[in-house]
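One file, my_file-v8.txt, carrying compact mmCIF, C-alpha atoms and all ligand atoms:
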# COMPACT_ATOMS: atom_id res chain seq x y z
CA MET A 91 0.00 0.00 0.00
CA LYS A 92 1.31 3.40 -1.00
CA ILE A 93 0.56 6.71 0.73
CA ILE A 94 0.64 9.57 -1.77
CA ARG A 95 0.64 13.19 -0.63
CA ASN A 96 1.43 14.91 -3.89
CA ILE A 97 -1.39 15.76 -6.32
CA LYS A 98 0.65 15.33 -9.52
CA GLU A 99 2.00 11.98 -8.30
CA MET A 100 -1.54 10.76 -7.57
CA GLN A 101 -2.75 11.87 -11.01
CA GLU A 102 0.19 10.22 -12.70
CA THR A 103 -0.26 6.97 -10.72
CA SER A 104 -3.96 6.81 -11.65
CA ARG A 105 -3.22 7.62 -15.29
CA LYS A 106 -0.74 4.73 -15.51
CA MET A 107 -3.17 2.30 -13.82
CA LYS A 108 -5.93 3.23 -16.22
CA GLN A 109 -3.58 2.94 -19.20
CA LYS A 110 -3.03 -0.67 -18.09
CA GLY A 111 -6.81 -1.17 -18.13
CA LYS A 112 -7.22 -1.28 -14.34
CA ALA A 113 -10.53 -0.23 -12.80
CA ILE A 114 -10.09 2.18 -9.90
CA GLY A 115 -12.57 2.16 -7.01
CA PHE A 116 -12.41 5.26 -4.83
CA VAL A 117 -13.57 5.92 -1.27
CA PRO A 118 -13.28 9.62 -0.33
CA THR A 119 -13.03 10.16 3.45
CA MET A 120 -11.95 12.68 6.05
CA GLY A 121 -10.23 9.89 8.01
CA ALA A 122 -11.01 8.60 11.52
CA LEU A 123 -12.17 5.50 9.70
CA HIS A 124 -14.86 3.27 11.18
CA GLU A 125 -16.85 0.22 10.04
CA GLY A 126 -19.00 2.47 7.81
CA HIS A 127 -15.94 3.49 5.80
CA LEU A 128 -14.61 -0.07 5.89
CA SER A 129 -17.84 -1.38 4.37
CA LEU A 130 -17.31 1.02 1.43
CA ILE A 131 -13.68 -0.03 1.11
CA ARG A 132 -14.65 -3.73 1.13
CA ARG A 133 -17.18 -3.16 -1.62
CA ALA A 134 -14.64 -1.16 -3.63
CA ARG A 135 -12.14 -4.01 -3.13
CA LYS A 136 -14.68 -6.52 -4.42
CA ASP A 137 -15.61 -4.47 -7.51
CA ASN A 138 -12.26 -3.08 -8.70
CA ASP A 139 -8.63 -3.86 -9.55
CA ILE A 140 -7.29 -0.90 -7.59
CA VAL A 141 -8.72 0.67 -4.43
CA ALA A 142 -7.85 4.26 -3.56
CA VAL A 143 -8.92 5.96 -0.33
CA SER A 144 -8.51 9.69 0.24
CA ILE A 145 -7.97 11.01 3.74
CA PHE A 146 -8.36 14.78 3.82
CA VAL A 147 -10.15 16.92 6.40
CA ASN A 148 -11.63 19.44 4.01
CA PRO A 149 -11.71 22.94 5.56
CA THR A 150 -14.19 24.37 3.06
CA GLN A 151 -17.05 22.14 4.20
CA PHE A 152 -16.93 23.33 7.82
CA GLU A 153 -18.86 26.42 8.86
CA ALA A 154 -17.19 29.00 11.12
CA GLY A 155 -17.28 27.73 14.70
CA GLU A 156 -17.68 24.07 13.67
CA ASP A 157 -15.28 21.28 14.59
CA PHE A 158 -12.64 21.63 11.82
CA LYS A 159 -9.79 22.10 14.31
CA LYS A 160 -10.75 19.26 16.61
CA TYR A 161 -11.85 16.81 13.88
CA PRO A 162 -9.94 13.57 14.64
CA ARG A 163 -6.74 13.20 12.56
CA VAL A 164 -5.33 9.70 12.99
CA LEU A 165 -3.53 8.91 9.75
CA LYS A 166 -1.33 6.11 11.18
CA GLN A 167 -4.33 4.28 12.59
CA ASP A 168 -6.33 4.84 9.36
CA ALA A 169 -3.43 3.60 7.23
CA ALA A 170 -3.22 0.40 9.30
CA LEU A 171 -6.97 -0.24 8.78
CA CYS A 172 -6.66 0.45 5.04
CA LYS A 173 -3.74 -1.95 4.78
CA GLU A 174 -5.75 -4.70 6.50
CA GLU A 175 -8.56 -4.17 3.96
CA GLY A 176 -6.21 -4.46 0.99
CA VAL A 177 -6.28 -0.79 -0.06
CA ASP A 178 -3.67 -0.05 -2.75
CA LEU A 179 -3.38 3.72 -2.48
CA ILE A 180 -4.06 6.34 0.17
CA PHE A 181 -4.19 9.90 -1.10
CA SER A 182 -3.65 12.33 1.77
CA PRO A 183 -2.71 15.80 0.55
CA SER A 184 -1.97 18.91 2.63
CA THR A 185 -4.55 21.69 2.89
CA GLU A 186 -2.11 24.07 1.19
CA ALA A 187 -1.75 21.75 -1.80
CA MET A 188 -5.52 21.33 -2.19
CA TYR A 189 -6.33 25.01 -1.67
CA THR A 190 -3.58 27.34 -2.86
CA GLN A 191 -3.74 30.99 -1.81
CA ASP A 192 -5.20 31.72 -5.21
CA HIS A 193 -7.98 29.10 -5.21
CA LYS A 194 -11.04 30.68 -6.83
CA THR A 195 -13.23 27.91 -8.24
CA HIS A 196 -16.15 26.31 -6.43
CA VAL A 197 -18.85 23.83 -7.37
CA TYR A 198 -22.40 24.44 -6.17
CA VAL A 199 -25.34 22.16 -6.89
CA GLU A 200 -28.35 24.48 -6.79
CA HIS A 201 -31.54 23.72 -4.86
CA LEU A 202 -30.39 20.40 -3.38
CA SER A 203 -27.58 22.13 -1.45
CA GLY A 204 -29.94 24.53 0.32
CA ARG A 205 -32.35 21.92 1.68
CA LEU A 206 -32.28 19.81 4.90
CA CYS A 207 -28.78 20.27 6.40
CA GLY A 208 -28.03 23.01 3.87
CA LYS A 209 -30.44 25.35 5.68
CA PHE A 210 -28.28 25.17 8.79
CA ARG A 211 -24.87 24.78 7.12
CA PRO A 212 -25.11 27.17 4.15
CA GLY A 213 -21.56 26.67 2.81
CA HIS A 214 -21.22 22.99 3.62
CA PHE A 215 -22.33 21.34 0.39
CA ARG A 216 -20.46 23.84 -1.76
CA GLY A 217 -17.34 22.74 0.13
CA VAL A 218 -18.23 19.07 -0.34
CA ALA A 219 -19.02 19.38 -4.07
CA THR A 220 -15.83 21.37 -4.65
CA VAL A 221 -13.51 18.98 -2.85
CA VAL A 222 -15.17 15.89 -4.33
CA THR A 223 -14.76 17.36 -7.83
CA LYS A 224 -11.10 18.02 -7.11
CA LEU A 225 -10.64 14.51 -5.72
CA PHE A 226 -12.34 12.95 -8.75
CA ASN A 227 -10.04 14.95 -11.05
CA ILE A 228 -7.00 13.85 -9.10
CA VAL A 229 -7.83 10.17 -8.46
CA GLN A 230 -9.76 9.64 -11.73
CA PRO A 231 -11.80 6.71 -10.42
CA ASN A 232 -14.13 4.48 -12.42
CA THR A 233 -16.45 4.19 -9.43
CA ALA A 234 -16.71 6.16 -6.18
CA TYR A 235 -18.43 4.88 -3.04
CA PHE A 236 -20.47 6.89 -0.53
CA GLY A 237 -22.59 6.01 2.51
CA GLN A 238 -26.37 6.41 2.71
CA LYS A 239 -25.89 7.99 6.15
CA ASP A 240 -24.98 11.19 4.31
CA ALA A 241 -28.05 10.91 2.09
CA GLN A 242 -28.07 14.57 1.04
CA GLN A 243 -24.36 14.50 0.21
CA ALA A 244 -24.93 11.37 -1.91
CA ALA A 245 -27.87 12.98 -3.76
CA ILE A 246 -25.82 16.13 -4.45
CA ILE A 247 -22.81 14.21 -5.71
CA LYS A 248 -24.98 12.06 -7.99
CA LYS A 249 -26.57 15.21 -9.44
CA MET A 250 -23.19 16.90 -9.87
CA VAL A 251 -21.77 13.86 -11.69
CA GLU A 252 -24.81 13.78 -13.96
CA ASP A 253 -24.91 17.53 -14.66
CA LEU A 254 -21.17 17.93 -15.23
CA ASN A 255 -20.86 14.69 -17.27
CA MET A 256 -18.18 13.32 -14.99
CA PRO A 257 -16.99 9.96 -16.34
CA LEU A 258 -17.53 7.74 -13.30
CA LYS A 259 -20.21 5.75 -11.47
CA ILE A 260 -21.45 6.60 -7.97
CA LYS A 261 -22.46 3.80 -5.63
CA VAL A 262 -24.29 4.50 -2.39
CA LEU A 263 -24.15 1.78 0.26
CA PRO A 264 -26.31 1.22 3.37
CA THR A 265 -25.64 2.94 6.69
CA VAL A 266 -23.67 0.82 9.13
CA ARG A 267 -25.01 0.92 12.69
CA GLU A 268 -23.92 -0.09 16.16
CA GLU A 269 -25.98 -2.84 17.79
CA SER A 270 -27.87 -0.05 19.58
CA GLY A 271 -28.96 1.31 16.19
CA LEU A 272 -26.74 4.41 16.39
CA ALA A 273 -25.40 5.21 12.92
CA LEU A 274 -21.60 5.06 12.78
CA SER A 275 -19.98 8.45 12.40
CA SER A 276 -16.50 9.82 13.05
CA ARG A 277 -18.23 12.40 15.26
CA ASN A 278 -19.53 9.69 17.63
CA LYS A 279 -16.04 9.95 19.16
CA TYR A 280 -17.10 13.27 20.71
CA LEU A 281 -19.99 11.68 22.65
CA SER A 282 -19.77 10.77 26.34
CA VAL A 283 -21.05 7.31 27.34
CA LYS A 284 -24.36 8.87 28.46
CA GLU A 285 -24.72 10.94 25.29
CA LYS A 286 -24.04 7.89 23.14
CA LYS A 287 -26.80 6.02 24.94
CA ASP A 288 -29.19 8.96 24.54
CA ALA A 289 -28.32 9.26 20.84
CA THR A 290 -29.90 5.88 20.15
CA VAL A 291 -33.33 7.62 20.30
CA LEU A 292 -32.58 9.16 16.90
CA TYR A 293 -32.78 5.86 15.05
CA GLN A 294 -35.71 4.79 17.24
CA ALA A 295 -37.52 7.99 16.25
CA LEU A 296 -36.83 7.39 12.55
CA ASN A 297 -38.20 3.87 12.93
CA LEU A 298 -41.28 5.20 14.69
CA ALA A 299 -41.89 7.53 11.73
CA GLY A 300 -41.34 4.60 9.39
CA ARG A 301 -43.84 2.44 11.32
CA LEU A 302 -46.45 5.21 11.30
CA ILE A 303 -46.13 5.47 7.52
CA LYS A 304 -46.29 1.70 7.09
CA GLN A 305 -49.41 1.63 9.28
CA GLY A 306 -51.08 4.01 6.86
CA ASN A 307 -50.52 7.42 8.46
CA ARG A 308 -50.10 9.81 5.53
CA ASN A 309 -50.30 13.05 7.48
CA TYR A 310 -46.91 14.77 7.35
CA GLN A 311 -47.43 17.03 10.39
CA SER A 312 -48.77 14.27 12.61
CA ILE A 313 -45.86 11.94 11.77
CA ILE A 314 -43.28 14.68 12.41
CA GLN A 315 -44.91 15.68 15.70
CA LYS A 316 -44.96 12.11 17.03
CA THR A 317 -41.37 11.57 15.93
CA ARG A 318 -40.20 14.80 17.63
CA ALA A 319 -42.06 13.83 20.80
CA GLY A 320 -40.09 10.54 20.90
CA ILE A 321 -36.80 12.45 20.87
CA SER A 322 -37.78 15.27 23.22
CA LYS A 323 -37.85 12.80 26.15
CA LYS A 324 -34.06 13.14 26.14
CA LYS A 325 -33.20 16.53 27.59
CA ARG A 326 -29.68 16.71 26.17
CA ILE A 327 -30.92 16.34 22.61
CA SER A 328 -32.12 19.27 20.59
CA VAL A 329 -33.57 18.46 17.18
CA GLN A 330 -32.46 20.73 14.34
CA TYR A 331 -34.87 19.24 11.81
CA ILE A 332 -36.89 16.16 11.01
CA SER A 333 -38.18 15.98 7.47
CA ILE A 334 -39.88 13.54 5.17
CA VAL A 335 -38.71 14.26 1.64
CA ASN A 336 -38.66 12.92 -1.89
CA LEU A 337 -35.53 10.95 -2.69
CA GLU A 338 -34.71 12.94 -5.83
CA ASP A 339 -35.30 16.60 -5.02
CA LEU A 340 -35.20 16.38 -1.18
CA LEU A 341 -38.36 18.49 -0.97
CA PRO A 342 -40.88 17.71 1.81
CA VAL A 343 -43.67 15.46 0.65
CA LYS A 344 -47.15 16.94 1.13
CA ARG A 345 -48.83 13.58 1.58
CA VAL A 346 -46.53 10.63 2.20
CA LYS A 347 -46.63 8.32 -0.82
CA GLY A 348 -44.16 5.90 -2.43
CA LYS A 349 -40.51 5.86 -1.42
CA VAL A 350 -39.51 8.68 0.92
CA LEU A 351 -36.44 9.69 2.88
CA ILE A 352 -36.97 10.44 6.56
CA ALA A 353 -34.01 12.53 7.63
CA LEU A 354 -33.02 14.33 10.80
CA ALA A 355 -30.24 16.32 12.41
CA ALA A 356 -29.87 16.86 16.14
CA HIS A 357 -27.40 18.16 18.69
CA ILE A 358 -26.48 15.84 21.52
CA GLY A 359 -24.66 18.19 23.86
CA LYS A 360 -22.26 19.97 21.51
CA THR A 361 -22.17 17.21 18.89
CA ARG A 362 -24.30 17.44 15.77
CA LEU A 363 -25.44 14.08 14.38
CA ILE A 364 -27.49 13.21 11.32
CA ASP A 365 -29.36 10.06 10.40
CA ASN A 366 -32.01 8.90 7.94
CA ILE A 367 -33.97 5.91 6.68
CA ILE A 368 -35.75 5.21 3.40
CA ILE A 369 -39.32 3.95 3.68
CA ASP A 370 -41.60 2.64 0.98
CA GLY A 371 -44.96 4.03 2.02
O1 LIG A 401 -18.32 12.24 3.71
C1 LIG A 401 -17.20 12.73 3.95
O2 LIG A 401 -16.39 12.19 4.71
C2 LIG A 401 -16.81 14.03 3.25
O3 LIG A 401 -17.89 14.89 3.15
C3 LIG A 401 -16.12 13.81 1.89
C4 LIG A 401 -17.06 13.18 0.89
C5 LIG A 401 -14.90 12.94 2.06
C6 LIG A 401 -15.68 15.16 1.33
O4 LIG A 401 -14.77 15.80 2.15

Go ahead and render the structure in this file as structure tokens.
Ligand code: PAF
Amino acid sequence: MKIIRNIKEMQETSRKMKQKGKAIGFVPTMGALHEGHLSLIRRARKDNDIVAVSIFVNPTQFEAGEDFKKYPRVLKQDAALCKEEGVDLIFSPSTEAMYTQDHKTHVYVEHLSGRLCGKFRPGHFRGVATVVTKLFNIVQPNTAYFGQKDAQQAAIIKKMVEDLNMPLKIKVLPTVREESGLALSSRNKYLSVKEKKDATVLYQALNLAGRLIKQGNRNYQSIIQKTRAGISKKKRISVQYISIVNLEDLLPVKRVKGKVLIALAAHIGKTRLIDNIIIDG
């Protein structure tokens, strides 16, 4: 396994691999790898000749006052996990290399980026779309793998790839959860034992919403209210949003019908977590 820090070297390595007819599977990450990332890496390993993982804590997707500085950076530990999973290449550039003083170009996927989390993190998805575009141009993968836990991110990247005719496939794989139901996230590291226990109500609340829909409740407001009530029992949790939206445009459904995404964001103490499920109503 090779760790590449230089952009030109990464581009050149990918170019040579592709010249030899090798299919490159790519898993973009910000590091602090957990089973969620490993499930993407395993799938990439299964599908491709070469597996590349990027580890880069992208400053442009953090809002002012968010956790950019304290985001866990554990490259040695991540590299060991990647090696165990048979990763061929880790791309881990410096911030200065990715964003020179003169960096002026950004990618923004309209509409989708302003919904759900985008309402509370206005610059976030512009940062994500920009860095993912840069990473795709550098790594030049045939297929890139993302987790369903970041459903909005996945929808935005799919749209960006379609709109900008990027020559790769996007695969979105299921959320990996702890036994308690808590969705795996690098940010779970910030939670105390008590907060982690409390956080399990988020998935329970999503499942409650899912059950209500399955039982025939089609009333958006009533489902949201009952779901919120489930979470509000935990004093340390403050819900930022709960929404039931269409899978394609992420707009709230008026009456729940067909496949919908139930998505939420909440603060547990100082930690912001997101989660979602897809339900066929
Ligand atoms: O999902 C993440 O870890 C990040 O948003 C990504 C896609 C690696 C871009 O920085």

**OP:** Could the residues that lie within 7 Å of ligand LIG 401 (chain A), counting only C-alpha atoms and all ligand atoms, be listed as a list in words?
**Re:**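 Within the 7 Å cut-off, the matching residues are Pro118, Thr119, Met120, Phe146, Val147, Asn148, Val218, Val221, Val222 and Asp240 of chain A.
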
Subject >> Atomic separation - CA of Leu292 (chain A) relative to CA of Ala356 (chain A), Å >> reply: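 Result for CA of Ala356 (chain A) versus CA of Leu292 (chain A): 8.2 Å, one decimal.
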
**OP:** Quick one: everything within 10 Å of Leu258 (chain A), counting all atoms listed in the file, minus sequence neighbours fewer than 3 positions away in the same chain. Send it as a PyMOL selection string.
**Re:** chain A and resi 114-115+226+230-234+251-252+255+261

Subject >> Surrounding residues of Gln243 (chain A) excluding itself and chain neighbours under 4 positions, 9 Å, only C-alpha atoms, as a PyMOL selection string >> reply: chain A and resi 203+215+218-219+236-239+247-248

Subject >> Closest of A:Lys349, A:Lys249, A:Arg308, A:Arg135 to Asn336 (chain A) - atom-to-atom distances counting only C-alpha atoms >> reply: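 For Asn336 (chain A), the nearest of the candidates is A:Lys349.
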